[in-house]
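Scroll down for the structure; my scribbles are underneath it.
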Amino acid sequence: QVQLVESGGGLVQPGGSLRLSCVASISIFSLSGMGWYRQAPGKQRELVARITRVGRTNYADSVKGRFTASRDNAGNTVYLEMNSLKPEDTAVYYCNADSWGADYWGQGTQVTVSS
């Protein structure tokens, strides 16, 4: 069992920045990967960014060049740095842990981009 706690969401103006954090109850280096997903009202949950156990990252086309996923060296926190935010980035953002085929989810954090 892996517990995940996200933080860092909020209200930001278009063009602004936010950094989301996700603290895991175990070392993230014991997992096959960590990901950030988002779900906007009336839409399906979609992958935003993923970071593998060896540190490789991949991003949705819609956020490439604006969002950066990273992790800390202590081994239990991942981040999502979001820059140049757009109204279409508004969603609940979820942290995901992939434990070699078993998925775990955080409770989500709301990000609202609006003037």
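Order determines the names: the first chain of the structure tokens is A, the second B, and so forth; residues in each chain are numbered 1 upward, and ligands are numbered 1 upward as they are shown.
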Counting only C-alpha atoms, what is within 10 Å of Ser62 of chain A, bar same-chain residues fewer than 3 positions away, as a list in words? Val48, Tyr59, Gly65, Arg66, Phe67, Glu88 and Asp89 of chain A
Do you know which residues are at most 6 Å from segment 5-18 of chain A counting only C-alpha atoms, after dropping those on the same chain fewer than 2 positions away, and could you put them as a list of chain:residue names?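 Near neighbours after the sequence-gap exclusion: A:Leu20, A:Ser21, A:Cys22, A:Val23, A:Met82, A:Asn83, A:Ser84, A:Leu85, A:Lys86, A:Gly106, A:Thr109, A:Gln110, A:Val111, A:Thr112, A:Val113, A:Ser114, A:Ser115.
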To one decimal place, how far is atom CA of Ala97 of chain A from atom CA of Ala49 of chain A in Å? 12.1 Å
Between A:Gln3, A:Arg56, A:Ser32, A:Arg19, which has the minimum distance to Trp100 of chain A (counting only C-alpha atoms)?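 Between A:Gln3, A:Arg56, A:Ser32, A:Arg19, the residue approaching Trp100 of chain A most closely is A:Ser32.
The shortest atom-to-atom distance to Tyr104 of chain A, with only C-alpha atoms taken into account, belongs to A:Gly35 out of A:Gly75, A:Gly35, A:Ser27, A:Val92.
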Atomic separation - atom CA of Thr68 of chain A relative to atom CA of Gln1 of chain A, Å: 26.7 Å
Please provide as a PyMOL selection string all residues within 8 Å of segment 36-42 of chain A, with the sequence filter that same-chain residues fewer than 4 positions apart are discarded (counting only C-alpha atoms). chain A and resi 46-50+80+90-96
Would you output that residue set with all heavy atoms, as a short mmCIF file (atom, residue, chain, number, x, y, z; two decimals), in the first residue's frame?
```cif
data_model
loop_
_atom_site.label_atom_id
_atom_site.label_comp_id
_atom_site.auth_asym_id
_atom_site.auth_seq_id
_atom_site.Cartn_x
_atom_site.Cartn_y
_atom_site.Cartn_z
N GLU A 46 -6.45 12.43 -17.60
CA GLU A 46 -5.40 12.30 -18.61
C GLU A 46 -4.01 12.42 -17.97
O GLU A 46 -3.83 13.12 -16.97
CB GLU A 46 -5.54 13.37 -19.70
CG GLU A 46 -5.40 14.80 -19.21
CD GLU A 46 -5.43 15.83 -20.32
OE1 GLU A 46 -5.52 15.46 -21.50
OE2 GLU A 46 -5.36 17.04 -20.01
N LEU A 47 -3.06 11.74 -18.59
CA LEU A 47 -1.68 11.82 -18.13
C LEU A 47 -1.10 13.19 -18.48
O LEU A 47 -1.24 13.66 -19.60
CB LEU A 47 -0.85 10.73 -18.78
CG LEU A 47 0.65 10.76 -18.48
CD1 LEU A 47 0.93 10.43 -17.03
CD2 LEU A 47 1.39 9.80 -19.40
N VAL A 48 -0.46 13.80 -17.51
CA VAL A 48 0.21 15.07 -17.72
C VAL A 48 1.72 14.85 -17.85
O VAL A 48 2.36 15.33 -18.78
CB VAL A 48 -0.07 16.04 -16.56
CG1 VAL A 48 0.72 17.34 -16.73
CG2 VAL A 48 -1.56 16.34 -16.46
N ALA A 49 2.28 14.13 -16.90
CA ALA A 49 3.72 13.90 -16.90
C ALA A 49 4.01 12.63 -16.11
O ALA A 49 3.26 12.27 -15.21
CB ALA A 49 4.47 15.07 -16.27
N ARG A 50 5.09 11.99 -16.48
CA ARG A 50 5.49 10.77 -15.77
C ARG A 50 7.01 10.78 -15.62
O ARG A 50 7.73 11.25 -16.51
CB ARG A 50 5.05 9.53 -16.53
CG ARG A 50 5.22 8.23 -15.74
CD ARG A 50 4.56 7.05 -16.45
NE ARG A 50 4.62 5.85 -15.64
CZ ARG A 50 5.60 4.96 -15.65
NH1 ARG A 50 6.63 5.18 -16.46
NH2 ARG A 50 5.57 3.90 -14.89
N LEU A 80 5.71 18.83 -9.65
CA LEU A 80 5.30 19.24 -10.99
C LEU A 80 5.36 20.76 -11.02
O LEU A 80 4.54 21.42 -10.40
CB LEU A 80 3.90 18.75 -11.33
CG LEU A 80 3.45 19.04 -12.76
CD1 LEU A 80 4.28 18.25 -13.77
CD2 LEU A 80 1.96 18.73 -12.94
N THR A 90 -6.84 24.23 -16.14
CA THR A 90 -7.70 24.10 -14.97
C THR A 90 -8.21 22.68 -14.84
O THR A 90 -8.79 22.12 -15.77
CB THR A 90 -8.88 25.08 -15.07
OG1 THR A 90 -8.37 26.42 -15.03
CG2 THR A 90 -9.86 24.87 -13.92
N ALA A 91 -7.98 22.08 -13.67
CA ALA A 91 -8.37 20.69 -13.44
C ALA A 91 -8.00 20.31 -12.01
O ALA A 91 -7.30 21.06 -11.32
CB ALA A 91 -7.65 19.75 -14.41
N VAL A 92 -8.46 19.13 -11.61
CA VAL A 92 -7.93 18.51 -10.40
C VAL A 92 -6.73 17.68 -10.82
O VAL A 92 -6.83 16.86 -11.74
CB VAL A 92 -8.99 17.63 -9.70
CG1 VAL A 92 -8.38 16.96 -8.47
CG2 VAL A 92 -10.20 18.46 -9.31
N TYR A 93 -5.62 17.91 -10.16
CA TYR A 93 -4.38 17.21 -10.47
C TYR A 93 -4.15 16.10 -9.45
O TYR A 93 -4.21 16.34 -8.23
CB TYR A 93 -3.21 18.18 -10.48
CG TYR A 93 -3.17 19.03 -11.73
CD1 TYR A 93 -4.13 20.01 -11.94
CD2 TYR A 93 -2.21 18.84 -12.72
CE1 TYR A 93 -4.13 20.77 -13.10
CE2 TYR A 93 -2.19 19.61 -13.88
CZ TYR A 93 -3.17 20.57 -14.06
OH TYR A 93 -3.17 21.33 -15.22
N TYR A 94 -3.86 14.91 -9.96
CA TYR A 94 -3.67 13.74 -9.13
C TYR A 94 -2.26 13.20 -9.27
O TYR A 94 -1.73 13.10 -10.38
CB TYR A 94 -4.64 12.63 -9.51
CG TYR A 94 -6.10 12.96 -9.31
CD1 TYR A 94 -6.85 13.55 -10.32
CD2 TYR A 94 -6.73 12.68 -8.09
CE1 TYR A 94 -8.18 13.86 -10.13
CE2 TYR A 94 -8.06 12.99 -7.90
CZ TYR A 94 -8.79 13.57 -8.94
OH TYR A 94 -10.11 13.87 -8.74
N CYS A 95 -1.71 12.79 -8.17
CA CYS A 95 -0.43 12.10 -8.16
C CYS A 95 -0.71 10.60 -8.26
O CYS A 95 -1.67 10.10 -7.64
CB CYS A 95 0.30 12.43 -6.86
SG CYS A 95 1.91 11.66 -6.68
N ASN A 96 0.10 9.91 -9.02
CA ASN A 96 -0.06 8.47 -9.22
C ASN A 96 1.26 7.76 -8.94
O ASN A 96 2.32 8.24 -9.34
CB ASN A 96 -0.50 8.19 -10.65
CG ASN A 96 -0.39 6.73 -11.03
OD1 ASN A 96 0.62 6.28 -11.58
ND2 ASN A 96 -1.43 5.98 -10.75
#
```
As JSON, numbers by chain, which residues of chain A does DSSP assign to strand (DSSP E)? {"A": [4, 5, 6, 7, 10, 11, 12, 18, 19, 20, 21, 22, 23, 24, 33, 34, 35, 36, 37, 38, 39, 46, 47, 48, 49, 50, 51, 52, 57, 58, 59, 67, 68, 69, 70, 71, 77, 78, 79, 80, 81, 82, 91, 92, 93, 94, 95, 96, 97, 98, 99, 102, 103, 104, 105, 109, 110, 111, 112, 113]}
Store the residues picked out above, limited to C-alpha atoms, as a PDB file, in the first residue's frame.
```
ATOM      1  CA  LEU A   4       0.197   9.828  -1.601  1.00  0.00           C
ATOM      2  CA  VAL A   5      -0.487  13.375  -0.465  1.00  0.00           C
ATOM      3  CA  GLU A   6      -0.556  16.219  -2.978  1.00  0.00           C
ATOM      4  CA  SER A   7      -0.267  19.905  -2.220  1.00  0.00           C
ATOM      5  CA  GLY A  10      -4.629  27.008  -6.054  1.00  0.00           C
ATOM      6  CA  LEU A  11      -5.890  29.897  -8.113  1.00  0.00           C
ATOM      7  CA  VAL A  12      -3.467  31.550 -10.512  1.00  0.00           C
ATOM      8  CA  LEU A  18       2.485  26.848  -9.577  1.00  0.00           C
ATOM      9  CA  ARG A  19       4.470  23.970  -8.139  1.00  0.00           C
ATOM     10  CA  LEU A  20       2.674  20.828  -7.047  1.00  0.00           C
ATOM     11  CA  SER A  21       4.212  18.394  -4.584  1.00  0.00           C
ATOM     12  CA  CYS A  22       3.398  14.765  -3.908  1.00  0.00           C
ATOM     13  CA  VAL A  23       4.767  13.041  -0.830  1.00  0.00           C
ATOM     14  CA  ALA A  24       4.758   9.244  -0.897  1.00  0.00           C
ATOM     15  CA  GLY A  33       7.325   5.233 -11.802  1.00  0.00           C
ATOM     16  CA  MET A  34       5.366   8.231 -10.601  1.00  0.00           C
ATOM     17  CA  GLY A  35       2.962  10.301 -12.598  1.00  0.00           C
ATOM     18  CA  TRP A  36       0.827  13.399 -12.581  1.00  0.00           C
ATOM     19  CA  TYR A  37      -2.653  13.196 -14.069  1.00  0.00           C
ATOM     20  CA  ARG A  38      -5.420  15.732 -14.305  1.00  0.00           C
ATOM     21  CA  GLN A  39      -9.167  15.683 -14.727  1.00  0.00           C
ATOM     22  CA  GLU A  46      -5.395  12.297 -18.608  1.00  0.00           C
ATOM     23  CA  LEU A  47      -1.680  11.824 -18.128  1.00  0.00           C
ATOM     24  CA  VAL A  48       0.213  15.073 -17.720  1.00  0.00           C
ATOM     25  CA  ALA A  49       3.721  13.895 -16.899  1.00  0.00           C
ATOM     26  CA  ARG A  50       5.493  10.773 -15.771  1.00  0.00           C
ATOM     27  CA  ILE A  51       8.893  10.138 -14.242  1.00  0.00           C
ATOM     28  CA  THR A  52      10.297   6.631 -14.217  1.00  0.00           C
ATOM     29  CA  THR A  57      10.343  11.853 -18.010  1.00  0.00           C
ATOM     30  CA  ASN A  58       7.609  12.127 -20.583  1.00  0.00           C
ATOM     31  CA  TYR A  59       4.903  14.725 -21.002  1.00  0.00           C
ATOM     32  CA  PHE A  67       5.624  21.734 -17.179  1.00  0.00           C
ATOM     33  CA  THR A  68       8.529  19.920 -15.557  1.00  0.00           C
ATOM     34  CA  ALA A  69       8.330  16.800 -13.403  1.00  0.00           C
ATOM     35  CA  SER A  70      11.131  16.154 -10.934  1.00  0.00           C
ATOM     36  CA  ARG A  71      11.892  14.328  -7.703  1.00  0.00           C
ATOM     37  CA  THR A  77       8.649  13.479  -3.060  1.00  0.00           C
ATOM     38  CA  VAL A  78       7.885  14.314  -6.670  1.00  0.00           C
ATOM     39  CA  TYR A  79       7.093  17.729  -8.037  1.00  0.00           C
ATOM     40  CA  LEU A  80       5.305  19.240 -10.985  1.00  0.00           C
ATOM     41  CA  GLU A  81       6.521  22.703 -11.874  1.00  0.00           C
ATOM     42  CA  MET A  82       3.884  24.414 -14.020  1.00  0.00           C
ATOM     43  CA  ALA A  91      -8.369  20.686 -13.440  1.00  0.00           C
ATOM     44  CA  VAL A  92      -7.935  18.513 -10.401  1.00  0.00           C
ATOM     45  CA  TYR A  93      -4.376  17.208 -10.469  1.00  0.00           C
ATOM     46  CA  TYR A  94      -3.673  13.741  -9.125  1.00  0.00           C
ATOM     47  CA  CYS A  95      -0.431  12.095  -8.164  1.00  0.00           C
ATOM     48  CA  ASN A  96      -0.060   8.466  -9.218  1.00  0.00           C
ATOM     49  CA  ALA A  97       2.328   5.771  -8.055  1.00  0.00           C
ATOM     50  CA  ASP A  98       2.960   2.779 -10.294  1.00  0.00           C
ATOM     51  CA  SER A  99       4.130  -0.040  -8.083  1.00  0.00           C
ATOM     52  CA  ALA A 102      -0.440  -1.702  -9.043  1.00  0.00           C
ATOM     53  CA  ASP A 103      -1.716   1.876  -9.169  1.00  0.00           C
ATOM     54  CA  TYR A 104      -2.116   4.190  -6.208  1.00  0.00           C
ATOM     55  CA  TRP A 105      -3.657   7.656  -6.241  1.00  0.00           C
ATOM     56  CA  THR A 109      -5.398  19.099  -5.682  1.00  0.00           C
ATOM     57  CA  GLN A 110      -7.394  21.740  -7.543  1.00  0.00           C
ATOM     58  CA  VAL A 111      -5.616  24.033  -9.991  1.00  0.00           C
ATOM     59  CA  THR A 112      -7.647  26.920 -11.351  1.00  0.00           C
ATOM     60  CA  VAL A 113      -6.239  29.257 -13.985  1.00  0.00           C
TER      61      VAL A 113
END
```
Taking only C-alpha atoms into account, name the residue in A:Ser25, A:Asp72, A:Val2, A:Gly101 that is nearest to Gly55 of chain A. A:Asp72
I need the residues in chain A that are helix (DSSP H, G or I) according to DSSP; give them as a PDB file with C-alpha atoms, in the first residue's frame.
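What ended up in part.pdb:
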```pdb
ATOM      1  CA  ILE A  28       9.756   6.438  -4.802  1.00  0.00           C
ATOM      2  CA  PHE A  29      12.860   4.579  -5.955  1.00  0.00           C
ATOM      3  CA  SER A  30      11.095   1.331  -5.024  1.00  0.00           C
ATOM      4  CA  PRO A  87      -7.154  28.457 -18.525  1.00  0.00           C
ATOM      5  CA  GLU A  88      -7.314  25.030 -20.166  1.00  0.00           C
ATOM      6  CA  ASP A  89      -4.902  23.725 -17.514  1.00  0.00           C
TER       7      ASP A  89
END
```
